[in-house]
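model27.txt follows (compact mmCIF, C-alpha atoms):
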# COMPACT_ATOMS: atom_id res chain seq x y z
CA MET H 1181 -10.48 21.61 -11.54
CA ASN H 1182 -6.75 22.18 -11.00
CA LEU H 1183 -4.74 19.07 -11.94
CA LYS H 1184 -2.93 18.91 -8.60
CA ILE H 1185 -6.24 19.02 -6.74
CA ARG H 1186 -7.66 16.27 -8.96
CA LEU H 1187 -4.65 14.05 -8.32
CA SER H 1188 -4.79 14.85 -4.60
CA VAL H 1189 -8.41 13.66 -4.51
CA MET H 1190 -7.36 10.49 -6.33
CA ASN H 1191 -4.65 9.81 -3.74
CA PHE H 1192 -7.03 10.61 -0.87
CA LEU H 1193 -9.52 8.01 -2.12
CA GLU H 1194 -6.79 5.49 -3.03
CA PHE H 1195 -5.55 5.21 0.54
CA ALA H 1196 -8.89 5.86 2.22
CA VAL H 1197 -9.96 2.52 0.72
CA TRP H 1198 -7.09 0.79 2.54
CA GLY H 1199 -7.36 2.71 5.79
CA ALA H 1200 -10.96 1.58 6.31
CA TYR H 1201 -9.90 -1.95 7.28
CA LEU H 1202 -6.12 -2.44 7.33
CA THR H 1203 -5.53 -1.60 10.99
CA CYS H 1204 -8.83 -2.89 12.43
CA MET H 1205 -9.55 -6.05 10.43
CA GLY H 1206 -7.82 -8.06 13.14
CA ILE H 1207 -10.39 -6.86 15.69
CA TYR H 1208 -13.26 -8.06 13.49
CA LEU H 1209 -11.62 -11.42 12.78
CA GLY H 1210 -11.10 -11.94 16.51
CA ASN H 1211 -14.75 -11.16 17.20
CA ILE H 1212 -15.97 -13.85 14.78
CA GLY H 1213 -13.59 -16.50 16.10
CA MET H 1214 -10.89 -16.25 13.43
CA SER H 1215 -8.02 -14.94 15.56
CA ALA H 1216 -5.90 -17.87 14.39
CA HIS H 1217 -6.32 -16.70 10.78
CA ILE H 1218 -5.34 -13.03 11.17
CA GLY H 1219 -1.86 -13.78 9.87
CA ILE H 1220 -2.98 -15.30 6.58
CA PHE H 1221 -5.39 -12.43 5.90
CA PHE H 1222 -2.48 -9.99 6.12
CA ALA H 1223 -0.08 -12.36 4.37
CA MET H 1224 -2.36 -12.36 1.33
CA GLN H 1225 -1.49 -8.70 0.72
CA GLY H 1226 2.15 -9.69 0.40
CA ILE H 1227 1.44 -12.77 -1.69
CA VAL H 1228 -0.53 -10.90 -4.35
CA SER H 1229 2.06 -8.09 -4.28
CA ILE H 1230 4.63 -10.54 -5.61
CA PHE H 1231 2.94 -10.84 -9.02
CA MET H 1232 -0.24 -8.76 -9.46
CA PRO H 1233 1.38 -5.27 -9.71
CA ALA H 1234 3.74 -6.54 -12.42
CA ILE H 1235 0.90 -8.14 -14.39
CA MET H 1236 -1.23 -5.00 -14.22
CA GLY H 1237 1.82 -2.91 -15.11
CA ILE H 1238 2.25 -4.87 -18.33
CA ILE H 1239 -1.44 -4.43 -19.17
CA ALA H 1240 -1.26 -0.67 -18.47
CA ASP H 1241 1.83 -0.29 -20.65
CA ARG H 1242 0.50 -2.23 -23.61
CA PHE H 1243 -3.28 -2.51 -23.66
CA ILE H 1244 -5.34 -0.35 -21.28
CA PRO H 1245 -4.49 3.25 -20.22
CA ALA H 1246 -3.34 3.40 -16.61
CA GLN H 1247 -6.18 5.61 -15.38
CA ARG H 1248 -8.78 3.31 -16.93
CA LEU H 1249 -7.14 0.17 -15.52
CA LEU H 1250 -6.94 1.87 -12.13
CA GLY H 1251 -10.71 2.31 -12.27
CA TYR H 1252 -11.44 -1.26 -13.37
CA CYS H 1253 -9.25 -2.67 -10.61
CA HIS H 1254 -11.06 -0.55 -8.02
CA LEU H 1255 -14.44 -1.60 -9.37
CA LEU H 1256 -13.56 -5.28 -8.95
CA ALA H 1257 -11.83 -4.71 -5.60
CA GLY H 1258 -14.87 -2.79 -4.36
CA LEU H 1259 -17.37 -5.40 -5.49
CA PHE H 1260 -15.43 -8.25 -3.89
CA MET H 1261 -15.00 -6.22 -0.69
CA LEU H 1262 -18.75 -5.60 -0.58
CA ALA H 1263 -19.22 -9.35 -1.09
CA THR H 1264 -16.94 -9.91 1.90
CA ALA H 1265 -19.11 -7.56 3.98
CA TRP H 1266 -22.32 -9.18 2.73
CA TYR H 1267 -21.12 -12.66 3.65
CA GLY H 1268 -19.92 -11.48 7.05
CA ASN H 1269 -23.26 -9.84 7.73
CA GLU H 1270 -25.23 -12.92 6.67
CA THR H 1271 -23.24 -15.41 8.70
CA GLY H 1272 -22.03 -13.43 11.74
CA THR H 1273 -19.88 -15.55 14.03
CA ASN H 1274 -20.69 -18.63 11.93
CA ALA H 1275 -18.74 -17.38 8.93
CA ASN H 1276 -16.80 -20.01 7.04
CA PHE H 1277 -13.12 -19.11 6.79
CA GLY H 1278 -12.72 -20.38 3.22
CA ILE H 1279 -15.58 -18.30 1.79
CA LEU H 1280 -14.76 -15.12 3.70
CA PHE H 1281 -11.07 -15.41 2.86
CA THR H 1282 -11.79 -16.03 -0.84
CA PHE H 1283 -13.90 -12.89 -1.21
CA TYR H 1284 -11.31 -10.85 0.71
CA SER H 1285 -8.38 -12.28 -1.27
CA LEU H 1286 -10.00 -11.45 -4.61
CA SER H 1287 -10.55 -7.88 -3.43
CA VAL H 1288 -6.96 -7.50 -2.26
CA ALA H 1289 -5.65 -9.05 -5.48
CA PHE H 1290 -7.18 -6.20 -7.47
CA TYR H 1291 -6.48 -3.48 -4.89
CA MET H 1292 -2.73 -3.95 -4.36
CA PRO H 1293 -1.82 -3.18 -8.02
CA THR H 1294 -3.65 0.16 -7.74
CA LEU H 1295 -0.94 1.45 -5.39
CA ALA H 1296 1.48 1.44 -8.32
CA LEU H 1297 -1.14 2.37 -10.92
CA SER H 1298 -2.16 5.49 -8.99
CA ASN H 1299 1.49 6.59 -8.97
CA SER H 1300 1.72 5.95 -12.71
CA VAL H 1301 -1.39 8.07 -13.34
CA ALA H 1302 0.01 10.91 -11.24
CA TYR H 1303 3.45 10.82 -12.88
CA SER H 1304 1.99 10.65 -16.38
CA SER H 1305 -0.51 13.46 -15.76
CA LEU H 1306 2.07 15.76 -14.19
CA SER H 1307 4.55 15.11 -17.00
CA GLN H 1308 1.91 15.79 -19.67
CA ALA H 1309 1.16 19.10 -17.94
CA GLY H 1310 4.86 20.03 -17.99
CA LEU H 1311 5.18 19.87 -14.19
CA ASP H 1312 8.12 18.60 -12.15
CA THR H 1313 7.20 15.21 -10.66
CA VAL H 1314 9.97 15.34 -8.06
CA LYS H 1315 8.75 18.69 -6.77
CA ASP H 1316 4.99 18.40 -7.30
CA PHE H 1317 4.20 14.76 -6.49
CA PRO H 1318 5.14 14.56 -2.76
CA PRO H 1319 2.55 17.19 -1.66
CA ILE H 1320 -0.04 15.29 -3.71
CA ARG H 1321 0.95 11.94 -2.15
CA VAL H 1322 0.55 13.36 1.37
CA PHE H 1323 -3.20 13.45 0.77
CA GLY H 1324 -3.08 9.66 0.52
CA THR H 1325 -1.94 9.45 4.13
CA VAL H 1326 -4.63 11.99 5.06
CA GLY H 1327 -7.26 9.76 3.42
CA PHE H 1328 -5.90 6.71 5.25
CA ILE H 1329 -6.14 8.51 8.60
CA CYS H 1330 -9.64 9.86 7.90
CA THR H 1331 -11.15 6.44 7.29
CA MET H 1332 -9.25 4.98 10.26
CA TRP H 1333 -10.88 7.58 12.49
CA PHE H 1334 -14.27 7.22 10.82
CA VAL H 1335 -14.59 3.46 11.30
CA ASP H 1336 -13.35 3.76 14.89
CA ILE H 1337 -15.68 6.61 15.92
CA MET H 1338 -18.66 4.96 14.20
CA GLY H 1339 -17.95 1.63 15.89
CA TYR H 1340 -17.32 -0.19 12.60
CA LYS H 1341 -13.89 -1.45 13.68
CA SER H 1342 -15.48 -4.49 15.34
CA ASN H 1343 -17.72 -5.66 12.50
CA GLN H 1344 -17.97 -6.17 8.75
CA THR H 1345 -19.17 -2.59 8.12
CA GLN H 1346 -15.51 -1.57 7.73
CA PHE H 1347 -15.52 -3.59 4.49
CA ILE H 1348 -18.62 -1.74 3.28
CA VAL H 1349 -16.83 1.59 3.79
CA SER H 1350 -13.82 0.31 1.85
CA GLY H 1351 -15.91 -1.18 -0.96
CA LEU H 1352 -18.01 1.94 -1.47
CA LEU H 1353 -14.91 4.14 -1.58
CA SER H 1354 -13.39 1.83 -4.23
CA ILE H 1355 -16.48 2.21 -6.40
CA ILE H 1356 -16.44 6.00 -5.91
CA LEU H 1357 -12.82 6.03 -7.06
CA PHE H 1358 -13.77 3.87 -10.07
CA LEU H 1359 -16.26 6.55 -11.10
CA TYR H 1360 -13.78 9.33 -10.34
CA THR H 1361 -11.15 7.85 -12.67
CA PHE H 1362 -13.32 8.86 -15.64
CA THR H 1363 -12.45 12.49 -14.81
CA LEU H 1364 -8.69 11.91 -14.84
CA PRO H 1365 -6.40 12.75 -17.79
CA ASN H 1366 -5.77 9.99 -20.30
CA CYS H 1367 -2.39 8.34 -19.80
CA GLY H 1368 -2.32 6.52 -23.11
CA ILE H 1369 -0.42 3.34 -23.93
CA LYS H 1370 2.92 2.72 -25.58
CA LYS H 1371 2.71 2.46 -29.34
CA ASN H 1372 5.51 1.90 -31.84
CA GLN H 1373 8.02 1.84 -29.00
CA ASP H 1374 10.25 -0.82 -27.54
CA LYS H 1375 8.02 -2.78 -25.20
CA THR H 1376 9.09 -3.82 -21.76
CA SER H 1377 9.93 -7.51 -21.64
CA ILE H 1378 8.25 -9.88 -19.22
CA ALA H 1379 11.58 -10.29 -17.42
CA ASP H 1380 11.90 -6.53 -17.00
CA ALA H 1381 8.32 -6.14 -15.83
CA PHE H 1382 8.80 -8.71 -13.09
CA GLY H 1383 12.21 -7.31 -12.15
CA LEU H 1384 13.92 -10.63 -12.90
CA LYS H 1385 17.04 -9.06 -14.37
CA ALA H 1386 17.68 -7.32 -11.07
CA PHE H 1387 18.44 -10.70 -9.47
CA SER H 1388 21.87 -10.42 -11.10
CA LEU H 1389 22.63 -7.89 -8.34
CA PHE H 1390 22.92 -10.81 -5.92
CA LYS H 1391 26.31 -11.48 -7.50
CA GLN H 1392 27.55 -8.36 -5.67
CA LYS H 1393 28.15 -9.15 -2.00
CA LYS H 1394 26.98 -5.80 -0.66
CA MET H 1395 23.78 -5.87 -2.70
CA ALA H 1396 23.05 -9.47 -1.76
CA ILE H 1397 23.44 -8.58 1.92
CA PHE H 1398 21.26 -5.49 1.49
CA PHE H 1399 18.39 -7.33 -0.22
CA ILE H 1400 18.49 -10.23 2.25
CA PHE H 1401 18.26 -7.82 5.16
CA SER H 1402 15.52 -5.93 3.33
CA MET H 1403 13.51 -9.14 3.37
CA MET H 1404 14.33 -9.75 7.04
CA LEU H 1405 13.22 -6.24 8.00
CA GLY H 1406 10.15 -6.61 5.81
CA VAL H 1407 9.08 -9.35 8.22
CA SER H 1408 8.29 -6.58 10.74
CA LEU H 1409 6.00 -4.60 8.42
CA GLN H 1410 2.71 -6.41 8.90
CA ILE H 1411 3.11 -7.43 12.56
CA THR H 1412 1.59 -4.30 14.07
CA ASN H 1413 -0.91 -3.84 11.23
CA GLY H 1414 -2.34 -7.24 12.06
CA PHE H 1415 -2.03 -7.44 15.81
CA ALA H 1416 -1.58 -3.99 17.41
CA THR H 1417 -5.25 -2.98 17.57
CA PRO H 1418 -6.52 -6.42 18.71
CA PHE H 1419 -3.83 -6.26 21.42
CA ILE H 1420 -4.88 -2.80 22.61
CA GLU H 1421 -8.56 -3.71 22.56
CA SER H 1422 -7.84 -6.86 24.61
CA PHE H 1423 -7.38 -4.59 27.63
CA LYS H 1424 -11.18 -4.14 27.70
CA ASN H 1425 -11.31 -7.39 29.65
CA ILE H 1426 -9.25 -5.83 32.46
CA HIS H 1427 -11.46 -3.65 34.65
CA GLU H 1428 -8.67 -1.16 35.36
CA TYR H 1429 -8.31 -0.28 31.68
CA ALA H 1430 -11.80 -0.95 30.28
CA GLY H 1431 -12.84 2.71 30.17
CA THR H 1432 -9.59 4.21 28.86
CA PHE H 1433 -9.45 6.16 25.60
CA GLY H 1434 -7.09 3.68 23.92
CA VAL H 1435 -9.37 0.72 24.60
CA LYS H 1436 -12.43 2.62 23.35
CA TYR H 1437 -10.65 3.98 20.26
CA PRO H 1438 -7.65 1.73 19.50
CA VAL H 1439 -7.63 2.66 15.80
CA ILE H 1440 -7.43 6.38 16.58
CA LEU H 1441 -4.55 5.68 18.96
CA TYR H 1442 -2.88 3.63 16.26
CA SER H 1443 -3.33 6.45 13.73
CA ILE H 1444 -0.56 8.39 15.48
CA SER H 1445 1.71 6.04 13.52
CA GLN H 1446 0.44 7.50 10.25
CA PHE H 1447 0.85 11.09 11.46
CA SER H 1448 4.42 10.23 12.43
CA GLU H 1449 5.04 8.61 9.08
CA THR H 1450 4.07 11.81 7.27
CA LEU H 1451 6.40 13.95 9.36
CA CYS H 1452 9.36 11.56 9.30
CA ILE H 1453 9.50 11.61 5.51
CA LEU H 1454 10.54 15.26 5.77
CA MET H 1455 13.39 14.38 8.17
CA ILE H 1456 15.12 11.87 5.89
CA PRO H 1457 17.23 14.33 3.78
CA PHE H 1458 18.75 15.82 6.96
CA PHE H 1459 19.52 12.43 8.51
CA MET H 1460 20.98 11.11 5.26
CA ARG H 1461 23.37 14.06 5.04
CA LYS H 1462 24.23 13.93 8.74
CA PHE H 1463 24.63 10.21 9.39
CA GLY H 1464 24.92 8.40 6.04
CA ILE H 1465 22.93 5.56 4.52
CA LYS H 1466 24.04 2.73 6.83
CA ASN H 1467 23.41 4.63 10.04
CA VAL H 1468 20.00 5.83 8.87
CA MET H 1469 18.98 2.26 8.12
CA LEU H 1470 20.35 1.14 11.49
CA ILE H 1471 18.27 3.83 13.18
CA ALA H 1472 15.23 2.32 11.46
CA MET H 1473 16.09 -1.21 12.55
CA PHE H 1474 16.54 -0.32 16.20
CA ALA H 1475 13.42 1.82 16.02
CA TRP H 1476 11.55 -1.44 15.36
CA VAL H 1477 13.05 -2.81 18.58
CA LEU H 1478 11.61 0.16 20.48
CA ARG H 1479 8.32 -0.04 18.56
CA PHE H 1480 7.73 -3.62 19.71
CA GLY H 1481 9.32 -3.26 23.15
CA LEU H 1482 7.19 -0.27 24.12
CA LEU H 1483 4.03 -2.10 23.08
CA GLY H 1484 5.04 -5.00 25.32
CA THR H 1485 5.81 -2.73 28.27
CA GLY H 1486 2.95 -0.21 28.06
CA ASN H 1487 -0.73 -0.25 28.88
CA PRO H 1488 -3.73 2.01 28.09
CA GLY H 1489 -3.68 3.51 31.60
CA SER H 1490 -0.60 4.95 33.30
CA GLY H 1491 1.56 3.37 30.62
CA VAL H 1492 -0.27 4.87 27.65
CA TRP H 1493 2.69 7.15 27.02
CA MET H 1494 4.63 4.04 25.97
CA PHE H 1495 1.93 3.21 23.42
CA ILE H 1496 2.06 6.78 22.11
CA ALA H 1497 5.87 6.66 21.95
CA SER H 1498 5.66 3.38 20.03
CA MET H 1499 3.29 4.96 17.51
CA ILE H 1500 5.57 7.98 17.05
CA ILE H 1501 8.62 5.73 16.60
CA TYR H 1502 6.83 3.89 13.81
CA GLY H 1503 7.46 6.80 11.44
CA VAL H 1504 11.20 6.36 11.93
CA ALA H 1505 11.03 2.56 11.76
CA PHE H 1506 9.04 2.53 8.53
CA ASP H 1507 10.23 5.57 6.59
CA PHE H 1508 13.91 5.56 7.43
CA PHE H 1509 14.42 2.11 5.97
CA ASN H 1510 11.92 2.16 3.11
CA ILE H 1511 12.83 5.60 1.77
CA SER H 1512 16.57 5.48 2.48
CA GLY H 1513 16.71 1.91 1.22
CA SER H 1514 15.07 2.99 -2.03
CA LEU H 1515 17.62 5.80 -2.35
CA PHE H 1516 20.47 3.35 -1.73
CA VAL H 1517 19.17 1.08 -4.49
CA ASP H 1518 18.89 4.05 -6.85
CA LYS H 1519 22.45 5.20 -6.19
CA ALA H 1520 24.14 1.81 -5.96
CA THR H 1521 22.84 0.16 -9.14
CA ASP H 1522 23.53 0.65 -12.81
CA PRO H 1523 21.00 3.00 -14.48
CA ALA H 1524 19.89 0.20 -16.79
CA LEU H 1525 18.82 -1.88 -13.78
CA ARG H 1526 17.42 0.80 -11.49
CA SER H 1527 13.76 0.22 -12.23
CA SER H 1528 14.12 -3.53 -11.90
CA ALA H 1529 16.18 -3.08 -8.74
CA GLN H 1530 13.44 -0.94 -7.19
CA GLY H 1531 10.97 -3.67 -8.05
CA LEU H 1532 13.24 -6.25 -6.40
CA PHE H 1533 13.50 -4.07 -3.28
CA MET H 1534 9.70 -3.91 -3.04
CA LEU H 1535 9.44 -7.65 -3.71
CA MET H 1536 11.83 -8.48 -0.88
CA THR H 1537 10.25 -6.11 1.65
CA ASN H 1538 6.52 -5.83 0.91
CA GLY H 1539 6.23 -9.14 -0.91
CA ILE H 1540 8.31 -11.96 0.56
CA GLY H 1541 9.25 -10.24 3.83
CA ALA H 1542 5.76 -9.06 4.72
CA THR H 1543 4.26 -12.44 3.80
CA VAL H 1544 6.72 -14.38 5.94
CA GLY H 1545 6.23 -11.86 8.75
CA ALA H 1546 2.46 -12.23 8.75
CA PHE H 1547 2.66 -16.02 9.02
CA ALA H 1548 5.46 -15.91 11.59
CA ALA H 1549 3.65 -13.34 13.75
CA GLN H 1550 0.52 -15.48 13.69
CA ALA H 1551 2.56 -18.49 14.81
CA VAL H 1552 4.07 -16.53 17.70
CA VAL H 1553 0.68 -15.20 18.83
CA THR H 1554 -0.95 -18.62 18.54
CA ASN H 1555 1.88 -20.21 20.52
CA HIS H 1556 1.34 -17.69 23.33
CA THR H 1557 -2.45 -18.01 23.40
CA ALA H 1558 -3.93 -20.27 26.06
CA ALA H 1559 -6.86 -22.64 25.56
CA ASN H 1560 -9.21 -20.05 27.09
CA GLY H 1561 -8.29 -17.58 24.36
CA VAL H 1562 -6.13 -15.31 26.55
CA THR H 1563 -2.89 -14.23 24.86
CA ASP H 1564 0.38 -13.47 26.63
CA TRP H 1565 0.89 -10.36 24.54
CA GLN H 1566 3.97 -9.14 26.42
CA SER H 1567 5.89 -12.28 25.47
CA CYS H 1568 4.79 -11.83 21.85
CA TRP H 1569 6.00 -8.23 21.63
CA PHE H 1570 9.29 -9.05 23.36
CA THR H 1571 9.79 -11.91 20.87
CA PHE H 1572 9.27 -9.50 17.97
CA ALA H 1573 11.62 -6.96 19.61
CA GLY H 1574 14.27 -9.65 20.06
CA TYR H 1575 14.02 -10.58 16.40
CA ALA H 1576 14.40 -6.93 15.35
CA MET H 1577 17.42 -6.59 17.67
CA ILE H 1578 19.15 -9.60 16.09
CA VAL H 1579 18.49 -8.24 12.59
CA GLY H 1580 19.85 -4.81 13.55
CA ILE H 1581 23.05 -6.13 15.16
CA SER H 1582 23.69 -8.52 12.26
CA PHE H 1583 23.16 -5.71 9.73
CA ALA H 1584 25.59 -3.46 11.61
CA LEU H 1585 28.28 -6.14 11.49
CA MET H 1586 27.77 -7.39 7.93
CA PHE H 1587 26.68 -4.41 5.80
CA ARG H 1588 29.60 -2.17 4.87
CA PRO H 1589 28.78 0.22 2.02
CA LYS H 1590 31.37 2.68 0.88
CA ALA H 1591 30.72 6.38 1.40
CA PRO H 1592 29.36 8.31 -0.27
CA VAL H 1593 26.69 6.00 -1.69
CA ALA H 1594 26.85 7.60 -5.12
CA GLU H 1595 30.43 6.33 -5.53
CA ASP H 1596 29.62 2.84 -4.36
CA LYS H 1597 29.12 1.09 -7.68

Have the structure of the file written as structure tokens, please.
Amino acid sequence: MNLKIRLSVMNFLEFAVWGAYLTCMGIYLGNIGMSAHIGIFFAMQGIVSIFMPAIMGIIADRFIPAQRLLGYCHLLAGLFMLATAWYGNETGTNANFGILFTFYSLSVAFYMPTLALSNSVAYSSLSQAGLDTVKDFPPIRVFGTVGFICTMWFVDIMGYKSNQTQFIVSGLLSIILFLYTFTLPNCGIKKNQDKTSIADAFGLKAFSLFKQKKMAIFFIFSMMLGVSLQITNGFATPFIESFKNIHEYAGTFGVKYPVILYSISQFSETLCILMIPFFMRKFGIKNVMLIAMFAWVLRFGLLGTGNPGSGVWMFIASMIIYGVAFDFFNISGSLFVDKATDPALRSSAQGLFMLMTNGIGATVGAFAAQAVVTNHTAANGVTDWQSCWFTFAGYAMIVGISFALMFRPKAPVAEDK
């Protein structure tokens, strides 16, 4: 089979595993009486992202080839996810939080490193084949988003979004990918070469960048924006489905298929990646990142204003805006880090950027969002969702205005060193 096709299948499965539960797990947790714990379930993804990818990266560099380690991680992630489904099925609404959360956390701990490992396998395989990674990898990576969308739609159409079967879908796909990794090219390990130090692997040297005012401001705001990342993943679909209790909206498409409605966000994300080069040339790095920040304001504000009936266009607009909110900061921010740091620190700096956004920021955001939702939930279980979304929008507005006033990079970015 053609190498690009093989790597595309790998990426499809890699993100299909995640798409099976990421956007609908909150619905299931609400159905079994764990609405108050949605935040910590999503926070765990950020917590393990702080250290597990680095640990697995060291192992892949020194001991186990990346494609083999990718498979082992998926085998363990799949087995623990199936254990999560088994326990949920056995206990129903009587599930114990500690046991369910432990099984889930162990699965996530082994899954999150595979996001980086799958990239390593693709880069290594393409390089060994003499192909251009910059040119050939993006079309391969797009199939990851396609896989994510496919399983989102599958679990929604099949009715699995409301129960533990979503975890079965994810677990089985992980095991399929484990088997598939035996067909991938061997990546090898480093021998008789200078080995990456523990400090380098964890990106610790990059913390010296905080001595530079502009970089310190950038990374702090990266963390603050990262707070927004998991809010809609955790609470958007439970919010949309909550309209089923209102007779006027009970039969609407969005209430019946909230995950499919939410998947517009992923379609938008795919398209917005292609827009970034134009916007970077036209508006510059600071303005592109500001566009992303204020897109989060619209993302949350439209969710708070819309409804699945006559206001469904606001939900759709919010989903479309997500592509701008997510991609414009994450991709342009990564480019800023690449251009604004010394070549010797670039890899560590990229690791620090991911740590601040997807690690610390996303973790804090998941806990904070849960606190906001809990604070606006009455004793009868009814949540004042509009106040929640307006609170999130207000936070994003403050971050955006503060960033506009405090972050002043020179132009062009390449000269800002």

Go through region 1253-1343 of chain H and flag each residue having an atom no more than 12 Å from region 1452-1458 of chain H; for those, report the closest pair of atoms plus their distance in Å to one decimal, using only C-alpha atoms, ordered by chain and rising number, as CSV.
residue,atom,partner,partner_atom,distance
H:Pro1318,CA,H:Ile1453,CA,9.8
H:Pro1319,CA,H:Leu1454,CA,11.1
H:Arg1321,CA,H:Ile1453,CA,11.5
H:Val1322,CA,H:Ile1453,CA,10.0
H:Thr1325,CA,H:Ile1453,CA,11.7

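Counting only C-alpha atoms, region 1473-1485 of chain H has the following residues at most 8 Å away, ignoring those fewer than 4 positions along the same chain: Leu1405, Ser1408, Met1469, Gly1491, Met1494, Phe1495, Ala1497, Ser1498, Met1499, Ile1501, Tyr1502, Val1504, Ala1505, Phe1509, Trp1565, Gln1566, Ser1567, Cys1568, Trp1569, Phe1570, Phe1572, Ala1573, Gly1574, Ala1576, Met1577, Val1579 and Gly1580 of chain H.
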
> Do you know which residues lie at most 12 Å from (-22.1, -12.2, 7.3), with coordinates as in the file and all atoms listed in the file counted, and could you write them as a ChimeraX atom specification?
Replying inline: /H:1208-1209,1212,1262-1277,1279-1280,1283,1343-1345,1347-1348

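The closest residue to Trp1198 (chain H), picked from H:Gln1308, H:Cys1330, H:Lys1394, H:Asn1211 and counting all atoms listed in the file, is H:Cys1330.
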
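The smallest atom-to-atom distance between Gly1541 (chain H) and any of H:Phe1423, H:Phe1328, H:Tyr1303, H:Phe1401, using only C-alpha atoms, is found for H:Phe1401.
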
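Note that the spacing between CA of Gly1406 (chain H) and CA of Phe1323 (chain H) amounts to 24.6 Å.
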
I'd like the neighbourhood of Thr1361 (chain H) as a PDB file with C-alpha atoms, in the frame of the given file, where a residue qualifies if any of its atoms comes within 9 Å (using all atoms listed in the file), though same-chain residues fewer than 3 positions away should be ignored.
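Below is the file out22.pdb, written as the result:
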ATOM      1  CA  MET H1190      -7.360  10.490  -6.330  1.00  0.00           C
ATOM      2  CA  GLN H1247      -6.180   5.610 -15.380  1.00  0.00           C
ATOM      3  CA  ARG H1248      -8.780   3.310 -16.930  1.00  0.00           C
ATOM      4  CA  LEU H1250      -6.940   1.870 -12.130  1.00  0.00           C
ATOM      5  CA  GLY H1251     -10.710   2.310 -12.270  1.00  0.00           C
ATOM      6  CA  ILE H1356     -16.440   6.000  -5.910  1.00  0.00           C
ATOM      7  CA  LEU H1357     -12.820   6.030  -7.060  1.00  0.00           C
ATOM      8  CA  PHE H1358     -13.770   3.870 -10.070  1.00  0.00           C
ATOM      9  CA  LEU H1364      -8.690  11.910 -14.840  1.00  0.00           C
ATOM     10  CA  PRO H1365      -6.400  12.750 -17.790  1.00  0.00           C
TER      11      PRO H1365
END

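Among the candidates H:Ile1185, H:Met1536, H:Ile1355, H:Met1332, the one nearest to Leu1255 (chain H) when counting all atoms listed in the file is H:Ile1355.
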
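Across the structure, CA of Asn1191 (chain H) and CA of Thr1363 (chain H) are spaced 13.8 Å apart.
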